[in-house]
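K.L.:
This is the content of data19.pdb (PDB, C-alpha atoms):
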```
ATOM      1  CA  MET J   1     -26.862 -94.306 -35.487
ATOM      2  CA  ALA J   2     -26.904 -93.917 -31.725
ATOM      3  CA  GLN J   3     -23.142 -94.145 -31.590
ATOM      4  CA  THR J   4     -22.845 -91.558 -34.378
ATOM      5  CA  GLY J   5     -25.116 -89.132 -32.492
ATOM      6  CA  ALA J   6     -23.197 -89.634 -29.291
ATOM      7  CA  GLY J   7     -19.947 -88.988 -31.120
ATOM      8  CA  SER J   8     -21.250 -85.728 -32.642
ATOM      9  CA  ALA J   9     -22.447 -84.487 -29.243
ATOM     10  CA  GLY J  10     -19.059 -85.174 -27.775
ATOM     11  CA  ILE J  11     -17.363 -83.207 -30.531
ATOM     12  CA  TYR J  12     -19.660 -80.258 -29.901
ATOM     13  CA  ILE J  13     -18.895 -80.363 -26.219
ATOM     14  CA  ILE J  14     -15.168 -80.379 -26.906
ATOM     15  CA  ILE J  15     -15.495 -77.466 -29.345
ATOM     16  CA  ALA J  16     -17.569 -75.532 -26.844
ATOM     17  CA  ALA J  17     -15.024 -76.190 -24.146
ATOM     18  CA  ILE J  18     -12.210 -75.041 -26.413
ATOM     19  CA  VAL J  19     -14.125 -71.858 -27.257
ATOM     20  CA  VAL J  20     -14.772 -71.172 -23.594
ATOM     21  CA  ILE J  21     -11.138 -71.737 -22.739
ATOM     22  CA  PHE J  22     -10.086 -69.477 -25.615
ATOM     23  CA  LEU J  23     -12.425 -66.736 -24.472
ATOM     24  CA  ILE J  24     -11.138 -67.049 -20.916
ATOM     25  CA  ILE J  25      -7.532 -66.885 -22.087
ATOM     26  CA  LEU J  26      -8.352 -63.963 -24.385
ATOM     27  CA  GLY J  27     -10.121 -62.141 -21.575
ATOM     28  CA  LYS J  28      -7.168 -62.588 -19.288
ATOM     29  CA  ASN J  29      -4.773 -61.292 -21.937
ATOM     30  CA  VAL J  30      -6.753 -58.223 -22.979
ATOM     31  CA  VAL J  31      -5.330 -55.335 -20.948
ATOM     32  CA  ILE J  32      -6.806 -51.844 -20.659
ATOM     33  CA  VAL J  33      -4.346 -49.214 -19.398
ATOM     34  CA  PRO J  34      -6.176 -46.366 -17.605
ATOM     35  CA  GLN J  35      -5.367 -42.668 -17.912
ATOM     36  CA  ALA J  36      -2.107 -41.429 -16.294
ATOM     37  CA  HIS J  37      -0.775 -44.959 -15.946
ATOM     38  CA  THR J  38       1.853 -47.082 -17.685
ATOM     39  CA  PHE J  39       2.138 -50.890 -17.624
ATOM     40  CA  VAL J  40       5.594 -52.476 -17.866
ATOM     41  CA  ILE J  41       5.364 -55.699 -19.959
ATOM     42  CA  GLU J  42       7.903 -58.525 -19.724
ATOM     43  CA  ARG J  43       8.333 -61.391 -22.186
ATOM     44  CA  LEU J  44       9.889 -64.496 -20.727
ATOM     45  CA  GLY J  45      11.199 -62.449 -17.798
ATOM     46  CA  ALA J  46      12.790 -59.657 -19.872
ATOM     47  CA  PHE J  47      11.496 -56.160 -20.447
ATOM     48  CA  ARG J  48       9.578 -55.895 -23.716
ATOM     49  CA  VAL J  49       7.570 -52.651 -23.765
ATOM     50  CA  ALA J  50       5.817 -50.028 -21.626
ATOM     51  CA  TRP J  51       2.157 -49.754 -22.575
ATOM     52  CA  LYS J  52       0.516 -46.326 -22.537
ATOM     53  CA  THR J  53      -3.162 -45.558 -22.022
ATOM     54  CA  GLY J  54      -5.497 -47.695 -24.160
ATOM     55  CA  LEU J  55      -6.400 -51.299 -25.113
ATOM     56  CA  HIS J  56      -3.636 -53.882 -25.432
ATOM     57  CA  ILE J  57      -3.398 -57.705 -25.893
ATOM     58  CA  LYS J  58      -0.506 -59.681 -24.487
ATOM     59  CA  VAL J  59       0.699 -63.055 -25.617
ATOM     60  CA  PRO J  60      -0.632 -65.744 -23.272
ATOM     61  CA  PHE J  61       1.842 -67.629 -21.085
ATOM     62  CA  ILE J  62       4.753 -65.664 -22.547
ATOM     63  CA  GLU J  63       4.095 -62.035 -21.613
ATOM     64  CA  ARG J  64       3.008 -60.600 -18.299
ATOM     65  CA  VAL J  65       2.369 -57.238 -16.685
ATOM     66  CA  ALA J  66       5.467 -56.788 -14.559
ATOM     67  CA  LYS J  67       4.550 -53.431 -12.966
ATOM     68  CA  ARG J  68       1.689 -50.948 -13.019
ATOM     69  CA  VAL J  69       3.162 -47.456 -12.777
ATOM     70  CA  ASP J  70       1.141 -44.413 -11.683
ATOM     71  CA  LEU J  71       2.388 -41.332 -13.536
ATOM     72  CA  ARG J  72       0.590 -38.812 -11.334
ATOM     73  CA  GLU J  73       2.518 -36.639  -8.888
ATOM     74  CA  GLN J  74       2.910 -38.298  -5.517
ATOM     75  CA  VAL J  75       3.284 -36.737  -2.084
ATOM     76  CA  TYR J  76       5.655 -38.367   0.392
ATOM     77  CA  ASP J  77       5.312 -37.212   4.001
ATOM     78  CA  PHE J  78       8.312 -38.454   5.942
ATOM     79  CA  ALA J  79       8.766 -38.607   9.698
ATOM     80  CA  PRO J  80      10.754 -35.745  11.324
ATOM     81  CA  GLN J  81      14.511 -36.230  11.201
ATOM     82  CA  PRO J  82      16.978 -35.151  13.946
ATOM     83  CA  VAL J  83      19.594 -32.855  12.427
ATOM     84  CA  ILE J  84      22.634 -31.137  13.982
ATOM     85  CA  THR J  85      23.345 -27.586  12.806
ATOM     86  CA  LYS J  86      26.720 -25.929  12.407
ATOM     87  CA  ASP J  87      26.532 -24.462  15.935
ATOM     88  CA  ASN J  88      25.823 -27.945  17.424
ATOM     89  CA  VAL J  89      22.096 -27.526  17.978
ATOM     90  CA  THR J  90      19.898 -30.577  17.387
ATOM     91  CA  VAL J  91      16.632 -29.743  15.639
ATOM     92  CA  MET J  92      13.797 -31.907  14.344
ATOM     93  CA  VAL J  93      13.084 -31.259  10.655
ATOM     94  CA  ASP J  94       9.794 -32.323   9.069
ATOM     95  CA  THR J  95       9.814 -32.484   5.268
ATOM     96  CA  ILE J  96       7.393 -33.209   2.430
ATOM     97  CA  VAL J  97       8.593 -34.380  -0.990
ATOM     98  CA  PHE J  98       6.570 -34.106  -4.227
ATOM     99  CA  ALA J  99       7.738 -36.517  -6.929
ATOM    100  CA  GLN J 100       6.506 -37.899 -10.258
ATOM    101  CA  VAL J 101       7.517 -40.876 -12.419
ATOM    102  CA  PHE J 102       8.665 -39.839 -15.892
ATOM    103  CA  ASP J 103      10.179 -43.169 -17.084
ATOM    104  CA  ALA J 104       8.301 -46.378 -16.233
ATOM    105  CA  GLN J 105      11.144 -48.703 -17.260
ATOM    106  CA  LYS J 106      13.701 -46.959 -15.040
ATOM    107  CA  PHE J 107      11.191 -46.828 -12.226
ATOM    108  CA  ALA J 108      10.508 -50.575 -12.500
ATOM    109  CA  TYR J 109      14.125 -51.689 -12.645
ATOM    110  CA  GLY J 110      16.074 -48.816 -11.106
ATOM    111  CA  VAL J 111      15.340 -49.268  -7.392
ATOM    112  CA  VAL J 112      13.591 -51.890  -5.297
ATOM    113  CA  ASN J 113      11.707 -49.575  -2.935
ATOM    114  CA  PRO J 114      11.641 -46.006  -4.325
ATOM    115  CA  VAL J 115       9.762 -44.498  -1.356
ATOM    116  CA  VAL J 116      12.322 -45.707   1.173
ATOM    117  CA  ALA J 117      15.129 -44.628  -1.144
ATOM    118  CA  ILE J 118      13.690 -41.089  -1.432
ATOM    119  CA  GLU J 119      13.284 -40.911   2.353
ATOM    120  CA  LYS J 120      16.923 -41.839   2.926
ATOM    121  CA  LEU J 121      18.083 -39.351   0.305
ATOM    122  CA  CYS J 122      15.977 -36.657   1.928
ATOM    123  CA  ALA J 123      17.487 -37.345   5.371
ATOM    124  CA  THR J 124      21.018 -37.246   3.939
ATOM    125  CA  ALA J 125      20.391 -33.985   2.084
ATOM    126  CA  ILE J 126      18.927 -32.383   5.213
ATOM    127  CA  ARG J 127      21.964 -33.325   7.297
ATOM    128  CA  ASN J 128      24.391 -32.012   4.701
ATOM    129  CA  ILE J 129      22.618 -28.664   4.255
ATOM    130  CA  PHE J 130      21.857 -28.030   7.938
ATOM    131  CA  GLY J 131      25.413 -28.951   8.902
ATOM    132  CA  GLU J 132      26.647 -25.955   6.899
ATOM    133  CA  LYS J 133      24.387 -23.377   8.605
ATOM    134  CA  ASP J 134      23.755 -21.995  12.068
ATOM    135  CA  LEU J 135      20.365 -22.315  13.713
ATOM    136  CA  ASP J 136      19.379 -18.736  12.942
ATOM    137  CA  GLU J 137      20.300 -19.217   9.286
ATOM    138  CA  THR J 138      18.254 -22.398   8.991
ATOM    139  CA  LEU J 139      15.202 -20.623  10.422
ATOM    140  CA  THR J 140      15.484 -17.749   7.958
ATOM    141  CA  SER J 141      16.618 -19.618   4.818
ATOM    142  CA  ARG J 142      13.804 -22.040   4.134
ATOM    143  CA  GLU J 143      13.531 -21.185   0.454
ATOM    144  CA  TYR J 144      17.243 -21.758  -0.034
ATOM    145  CA  ILE J 145      17.114 -25.070   1.845
ATOM    146  CA  ASN J 146      14.086 -26.231  -0.158
ATOM    147  CA  THR J 147      15.854 -25.492  -3.436
ATOM    148  CA  LYS J 148      19.112 -27.192  -2.432
ATOM    149  CA  MET J 149      17.284 -30.286  -1.192
ATOM    150  CA  ARG J 150      15.199 -30.575  -4.347
ATOM    151  CA  GLU J 151      18.301 -30.306  -6.534
ATOM    152  CA  ALA J 152      20.203 -32.922  -4.498
ATOM    153  CA  ILE J 153      17.338 -35.451  -4.355
ATOM    154  CA  ASP J 154      16.327 -34.937  -7.975
ATOM    155  CA  MET J 155      19.867 -35.584  -9.175
ATOM    156  CA  ALA J 156      19.973 -38.869  -7.220
ATOM    157  CA  THR J 157      16.515 -40.083  -8.334
ATOM    158  CA  ASP J 158      16.998 -39.308 -12.022
ATOM    159  CA  PRO J 159      18.428 -42.797 -12.815
ATOM    160  CA  TRP J 160      15.313 -44.274 -11.179
ATOM    161  CA  GLY J 161      12.928 -42.475 -13.543
ATOM    162  CA  ILE J 162      11.624 -40.210 -10.763
ATOM    163  CA  LYS J 163      11.396 -36.432 -11.029
ATOM    164  CA  VAL J 164      11.372 -34.532  -7.719
ATOM    165  CA  THR J 165       9.245 -31.472  -8.410
ATOM    166  CA  ARG J 166       9.230 -29.810  -5.001
ATOM    167  CA  VAL J 167      10.580 -30.195  -1.454
ATOM    168  CA  GLU J 168       9.022 -28.307   1.454
ATOM    169  CA  LEU J 169      10.206 -27.892   5.051
ATOM    170  CA  ARG J 170       6.997 -28.255   6.997
ATOM    171  CA  GLY J 171       8.584 -27.583  10.363
ATOM    172  CA  ILE J 172      11.862 -26.956  12.186
ATOM    173  CA  GLU J 173      11.628 -27.650  15.926
ATOM    174  CA  PRO J 174      14.613 -26.578  18.070
ATOM    175  CA  PRO J 175      15.094 -27.889  21.656
ATOM    176  CA  ILE J 176      12.773 -26.542  24.352
ATOM    177  CA  ALA J 177      15.502 -24.539  26.118
ATOM    178  CA  ILE J 178      16.587 -22.854  22.912
ATOM    179  CA  LYS J 179      12.958 -22.285  21.958
ATOM    180  CA  GLU J 180      12.307 -20.509  25.281
ATOM    181  CA  ALA J 181      15.461 -18.405  24.853
ATOM    182  CA  MET J 182      14.357 -17.482  21.345
ATOM    183  CA  GLU J 183      10.916 -16.492  22.630
ATOM    184  CA  LYS J 184      12.500 -14.273  25.283
ATOM    185  CA  GLN J 185      14.728 -12.700  22.661
ATOM    186  CA  MET J 186      11.716 -12.110  20.425
ATOM    187  CA  ARG J 187       9.790 -10.496  23.281
ATOM    188  CA  ALA J 188      12.748  -8.252  24.072
ATOM    189  CA  GLU J 189      13.065  -7.340  20.416
ATOM    190  CA  ARG J 190       9.345  -6.537  20.192
ATOM    191  CA  GLU J 191       9.556  -4.373  23.328
ATOM    192  CA  ARG J 192      12.594  -2.564  21.913
ATOM    193  CA  ARG J 193      10.778  -1.903  18.644
ATOM    194  CA  GLU J 194       7.734  -0.738  20.576
ATOM    195  CA  GLN J 195       9.834   1.751  22.553
ATOM    196  CA  ILE J 196      11.449   2.970  19.349
ATOM    197  CA  LEU J 197       8.053   3.410  17.707
ATOM    198  CA  LEU J 198       6.712   5.270  20.749
ATOM    199  CA  ALA J 199       9.754   7.558  20.798
ATOM    200  CA  GLU J 200       9.451   8.203  17.087
ATOM    201  CA  GLY J 201       5.745   8.871  17.481
ATOM    202  CA  THR J 202       6.364  11.336  20.339
ATOM    203  CA  LYS J 203       9.094  13.054  18.345
ATOM    204  CA  GLU J 204       6.894  13.306  15.295
ATOM    205  CA  SER J 205       4.047  14.645  17.438
ATOM    206  CA  GLU J 206       6.310  17.336  18.923
ATOM    207  CA  VAL J 207       7.580  18.273  15.488
ATOM    208  CA  LEU J 208       4.042  18.541  14.151
ATOM    209  CA  LYS J 209       3.017  20.591  17.171
ATOM    210  CA  ALA J 210       5.959  22.971  16.700
ATOM    211  CA  GLN J 211       5.191  23.261  13.017
ATOM    212  CA  GLY J 212       1.570  24.004  13.849
ATOM    213  CA  GLU J 213       2.523  26.697  16.348
ATOM    214  CA  LYS J 214       4.965  28.188  13.867
ATOM    215  CA  GLN J 215       2.339  28.209  11.162
ATOM    216  CA  ALA J 216      -0.190  29.769  13.536
ATOM    217  CA  ALA J 217       2.300  32.490  14.506
ATOM    218  CA  ILE J 218       3.012  33.182  10.862
ATOM    219  CA  LEU J 219      -0.697  33.409  10.107
ATOM    220  CA  ARG J 220      -1.259  35.739  13.076
ATOM    221  CA  ALA J 221       1.640  37.968  11.977
ATOM    222  CA  GLU J 222       0.333  38.064   8.428
ATOM    223  CA  ALA J 223      -3.173  38.879   9.699
ATOM    224  CA  GLU J 224      -1.814  41.676  11.935
ATOM    225  CA  LYS J 225       0.234  43.002   9.048
ATOM    226  CA  GLU J 226      -2.787  43.039   6.759
ATOM    227  CA  ALA J 227      -4.908  44.685   9.486
ATOM    228  CA  THR J 228      -2.250  47.391   9.990
ATOM    229  CA  ILE J 229      -2.092  48.002   6.262
ATOM    230  CA  LEU J 230      -5.876  48.216   6.067
ATOM    231  CA  ARG J 231      -6.029  50.635   9.032
ATOM    232  CA  ALA J 232      -3.326  52.804   7.474
ATOM    233  CA  ASP J 233      -5.158  52.781   4.151
ATOM    234  CA  ALA J 234      -8.418  53.709   5.885
ATOM    235  CA  GLN J 235      -6.775  56.547   7.826
ATOM    236  CA  LYS J 236      -5.076  57.773   4.666
ATOM    237  CA  LYS J 237      -8.357  57.758   2.763
ATOM    238  CA  ARG J 238     -10.101  59.530   5.687
ATOM    239  CA  GLN J 239      -7.449  62.239   5.789
ATOM    240  CA  ILE J 240      -7.676  62.635   2.021
ATOM    241  CA  LEU J 241     -11.448  62.944   2.226
ATOM    242  CA  GLU J 242     -11.215  65.469   5.099
ATOM    243  CA  ALA J 243      -8.668  67.530   3.184
ATOM    244  CA  GLU J 244     -10.823  67.389   0.089
ATOM    245  CA  GLY J 245     -13.857  68.444   2.201
ATOM    246  CA  GLU J 246     -11.979  71.340   3.741
ATOM    247  CA  ALA J 247     -10.699  72.387   0.330
ATOM    248  CA  GLU J 248     -14.209  72.270  -1.076
ATOM    249  CA  ALA J 249     -15.534  74.259   1.938
ATOM    250  CA  ILE J 250     -12.849  76.917   1.479
ATOM    251  CA  LEU J 251     -13.615  77.058  -2.225
ATOM    252  CA  SER J 252     -17.316  77.396  -1.448
ATOM    253  CA  VAL J 253     -16.702  80.237   1.061
ATOM    254  CA  GLN J 254     -14.378  82.000  -1.310
ATOM    255  CA  LYS J 255     -16.878  81.600  -4.102
ATOM    256  CA  ALA J 256     -19.680  82.913  -1.901
ATOM    257  CA  ARG J 257     -17.600  85.954  -0.968
ATOM    258  CA  ALA J 258     -16.681  86.524  -4.571
ATOM    259  CA  ASP J 259     -20.340  86.271  -5.571
ATOM    260  CA  GLY J 260     -21.331  88.707  -2.765
ATOM    261  CA  LEU J 261     -18.769  91.206  -3.803
ATOM    262  CA  LYS J 262     -19.885  90.798  -7.366
ATOM    263  CA  MET J 263     -23.535  91.420  -6.395
ATOM    264  CA  ILE J 264     -22.590  94.487  -4.357
ATOM    265  CA  LYS J 265     -20.606  95.772  -7.229
ATOM    266  CA  GLU J 266     -23.424  95.166  -9.667
ATOM    267  CA  ALA J 267     -25.976  96.841  -7.288
ATOM    268  CA  LYS J 268     -23.817 100.026  -7.211
ATOM    269  CA  THR J 269     -24.269 100.403  -3.463
ATOM    270  CA  ASP J 270     -23.144 103.788  -2.073
ATOM    271  CA  GLU J 271     -20.766 104.303   0.772
ATOM    272  CA  ALA J 272     -23.516 104.904   3.391
ATOM    273  CA  VAL J 273     -24.990 101.418   2.857
ATOM    274  CA  ILE J 274     -21.564  99.818   3.057
ATOM    275  CA  ARG J 275     -20.851 101.599   6.337
ATOM    276  CA  LEU J 276     -24.234 100.545   7.652
ATOM    277  CA  GLU J 277     -23.536  96.917   6.837
ATOM    278  CA  ALA J 278     -20.205  97.199   8.525
ATOM    279  CA  LEU J 279     -21.858  98.588  11.643
ATOM    280  CA  SER J 280     -24.362  95.713  11.654
ATOM    281  CA  THR J 281     -21.569  93.215  11.335
ATOM    282  CA  PHE J 282     -19.717  94.920  14.173
ATOM    283  CA  LYS J 283     -22.844  94.689  16.361
ATOM    284  CA  GLU J 284     -23.296  90.988  15.691
ATOM    285  CA  ALA J 285     -19.672  90.284  16.405
ATOM    286  CA  SER J 286     -19.942  92.011  19.789
ATOM    287  CA  MET J 287     -22.907  89.886  20.981
ATOM    288  CA  GLY J 288     -20.760  87.006  22.289
ATOM    289  CA  PRO J 289     -19.591  87.207  25.910
ATOM    290  CA  ALA J 290     -16.092  86.074  25.090
ATOM    291  CA  ASN J 291     -15.659  88.239  22.017
ATOM    292  CA  LYS J 292     -13.261  91.129  22.184
ATOM    293  CA  ILE J 293     -14.526  94.457  20.731
ATOM    294  CA  ILE J 294     -12.086  96.279  18.536
ATOM    295  CA  ILE J 295     -13.229  99.842  17.777
ATOM    296  CA  PRO J 296     -12.208 101.012  14.324
ATOM    297  CA  SER J 297     -10.414 104.328  13.901
ATOM    298  CA  ASP J 298     -13.224 105.895  11.885
ATOM    299  CA  ILE J 299     -15.918 105.309  14.591
ATOM    300  CA  GLN J 300     -16.907 108.941  14.417
ATOM    301  CA  ALA J 301     -17.652 108.630  10.761
ATOM    302  CA  VAL J 302     -19.785 105.599  11.510
ATOM    303  CA  ALA J 303     -21.648 107.538  14.239
ATOM    304  CA  GLY J 304     -22.255 110.358  11.856
ATOM    305  CA  LEU J 305     -23.566 107.907   9.368
ATOM    306  CA  VAL J 306     -25.949 106.538  11.995
ATOM    307  CA  ALA J 307     -27.196 110.039  12.855
ATOM    308  CA  THR J 308     -27.777 110.817   9.216
ATOM    309  CA  VAL J 309     -29.747 107.587   8.782
ATOM    310  CA  GLY J 310     -31.841 108.513  11.864
ATOM    311  CA  GLU J 311     -32.669 111.897  10.400
ATOM    312  CA  LEU J 312     -33.663 110.310   7.145
ATOM    313  CA  VAL J 313     -35.987 107.934   9.012
ATOM    314  CA  LYS J 314     -37.570 110.771  10.908
ATOM    315  CA  THR J 315     -38.128 112.836   7.758
ATOM    316  CA  ASP J 316     -39.820 109.895   6.098
ATOM    317  CA  SER J 317     -42.079 109.478   9.051
TER     318      SER J 317
END
```
I need this file expressed as structure tokens, please.
P.N.:
Amino acid sequence: MAQTGAGSAGIYIIIAAIVVIFLIILGKNVVIVPQAHTFVIERLGAFRVAWKTGLHIKVPFIERVAKRVDLREQVYDFAPQPVITKDNVTVMVDTIVFAQVFDAQKFAYGVVNPVVAIEKLCATAIRNIFGEKDLDETLTSREYINTKMREAIDMATDPWGIKVTRVELRGIEPPIAIKEAMEKQMRAERERREQILLAEGTKESEVLKAQGEKQAAILRAEAEKEATILRADAQKKRQILEAEGEAEAILSVQKARADGLKMIKEAKTDEAVIRLEALSTFKEASMGPANKIIIPSDIQAVAGLVATVGELVKTDS
């Protein structure tokens, strides 16, 4: 009985050990692929499959994870490269390359060290492109250079499963002597533009001033013209009013005379009264010191009339 119990315990221990070993092996062969990653699986040293994101189980002792590939876009900052331009000027070019893996199998088996390979391709592309352009062209054609470099590197990395999305020239450093000469040229160019702007500003100011004076003269002439017209209109209206006043005065005098004659005619005044009125008018006309006295031809008749009137006054008294 004791031997049987010992034998059963040993069997249990062996089973437990087998279970533990199985769980360990299973745990080591359960693979979880994270997001934006791909695992390259080999079976007996040959490529079998590229696992995407999720839970996977590989065959123990036969399959293995050959390479873990990150599918996110990578940034490669390379050291500045000395480049000779078309006009034999050596410049230091600093570049940044943005790349992304699109095929894990090609990336795993296409090239041993993809980063070094991209760096060498970038240096070669820079030398080829800069060797076709002068220094001034390289400084003003960054967008063109970026595009040409991206196309050249992307074409070379395509068999490796790498997509070059963007290439940027971070800096182009010419030699110190050329840099100082360029700074002097830029200062001279700025001074020239400043002088041109000042001259244009002065010219524009003079033109505006002349236009202002011309406009002021035109306004003054128009104002003087309107004032002259208004004065002429006022004088014309004054003369018209004076003429109308004189005409009305003449009409009034003539009317008064006509009415007087009419009244005399209606009163049936005799000749003695008329002569007496004439004498009175003659007397009043002679009162002024500067008046000339004109004696009518029938003065004797007037004197007789006066004597007759005196007699009549005496008789009445």
K.L.:
Here's the selection I'm unsure about, the PyMOL selection byres ((chain J and resi 108) around 12); applied to the file above, which residues does it give, as a ChimeraX atom specification?
P.N.:
/J:38-42,46-47,49-50,65-70,101-107,109-114,159-162
K.L.:
Let me have the centre and edge lengths in Å, one decimal, of the box along x, y and z around every listed atom of stretch 69-86 of chain J with 8 Å of margin on each side, as lines of an AutoDock Vina configuration file.
P.N.:
```
center_x = 13.7
center_y = -36.7
center_z = 0.2
size_x = 42.1
size_y = 37.5
size_z = 43.5
```
K.L.:
Rank nothing, just name the residue among J:Ala156, J:Met92, J:Ile24, J:Val19 nearest to J:Lys120, using all atoms listed in the file.
P.N.:
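Among the listed residues, J:Ala156 lies closest to J:Lys120.
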K.L.:
Here is a test: counting all atoms listed in the file, which residue of J:Glu73, J:Glu132, J:Glu63, J:Glu194 is nearest to J:Asn88?
P.N.:
J:Glu132
K.L.:
Compile the contact shell of J:Cys122 as a PyMOL selection string: residues with an atom at most 12 Å away, counting all atoms listed in the file, same-chain residues fewer than 2 positions apart removed.
P.N.:
chain J and resi 76-81+83+93-98+115-120+124-129+145-146+148-157+164+166-169
K.L.:
Rounded to one decimal, what separation in Å do you get between atom CA of J:Leu71 and atom CA of J:Gln35?
P.N.:
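Distance reported for this atom pair: 9.0 Å.
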K.L.:
One decimal, in Å: what's the spacing between atom CA of J:Ala181 and atom CA of J:Lys86?
P.N.:
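Result for atom CA of J:Ala181 versus atom CA of J:Lys86: 18.4 Å, one decimal.
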K.L.:
Take atom CA of J:Leu219 and atom CA of J:Thr202 and report the distance between them in Å, one decimal.
P.N.:
25.3 Å
K.L.:
Quick one: residues within 8 Å of J:His56, all atoms listed in the file counted, chain neighbours fewer than 5 positions away excluded, as a ChimeraX atom specification?
P.N.:
/J:30-33,51
K.L.:
Taking into account all atoms listed in the file, which residue in the set J:Lys236, J:Ile172, J:Leu241, J:Glu200 is nearest to J:Thr138?
P.N.:
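Between J:Lys236, J:Ile172, J:Leu241, J:Glu200, the residue approaching J:Thr138 most closely is J:Ile172.
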K.L.:
Name the closest residue to J:Val91 among the candidates J:Ala249, J:Val207, J:Leu139, J:Ile196; distances are taken between atoms, counting only C-alpha atoms.
P.N.:
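That would be J:Leu139, the residue with the smallest distance to J:Val91.
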K.L.:
Which is closer to J:Thr147 than all the others in J:Asp87, J:Thr165, J:Leu121, J:Lys237, using all atoms listed in the file?
P.N.:
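Closest to J:Thr147 of all the choices is J:Thr165.
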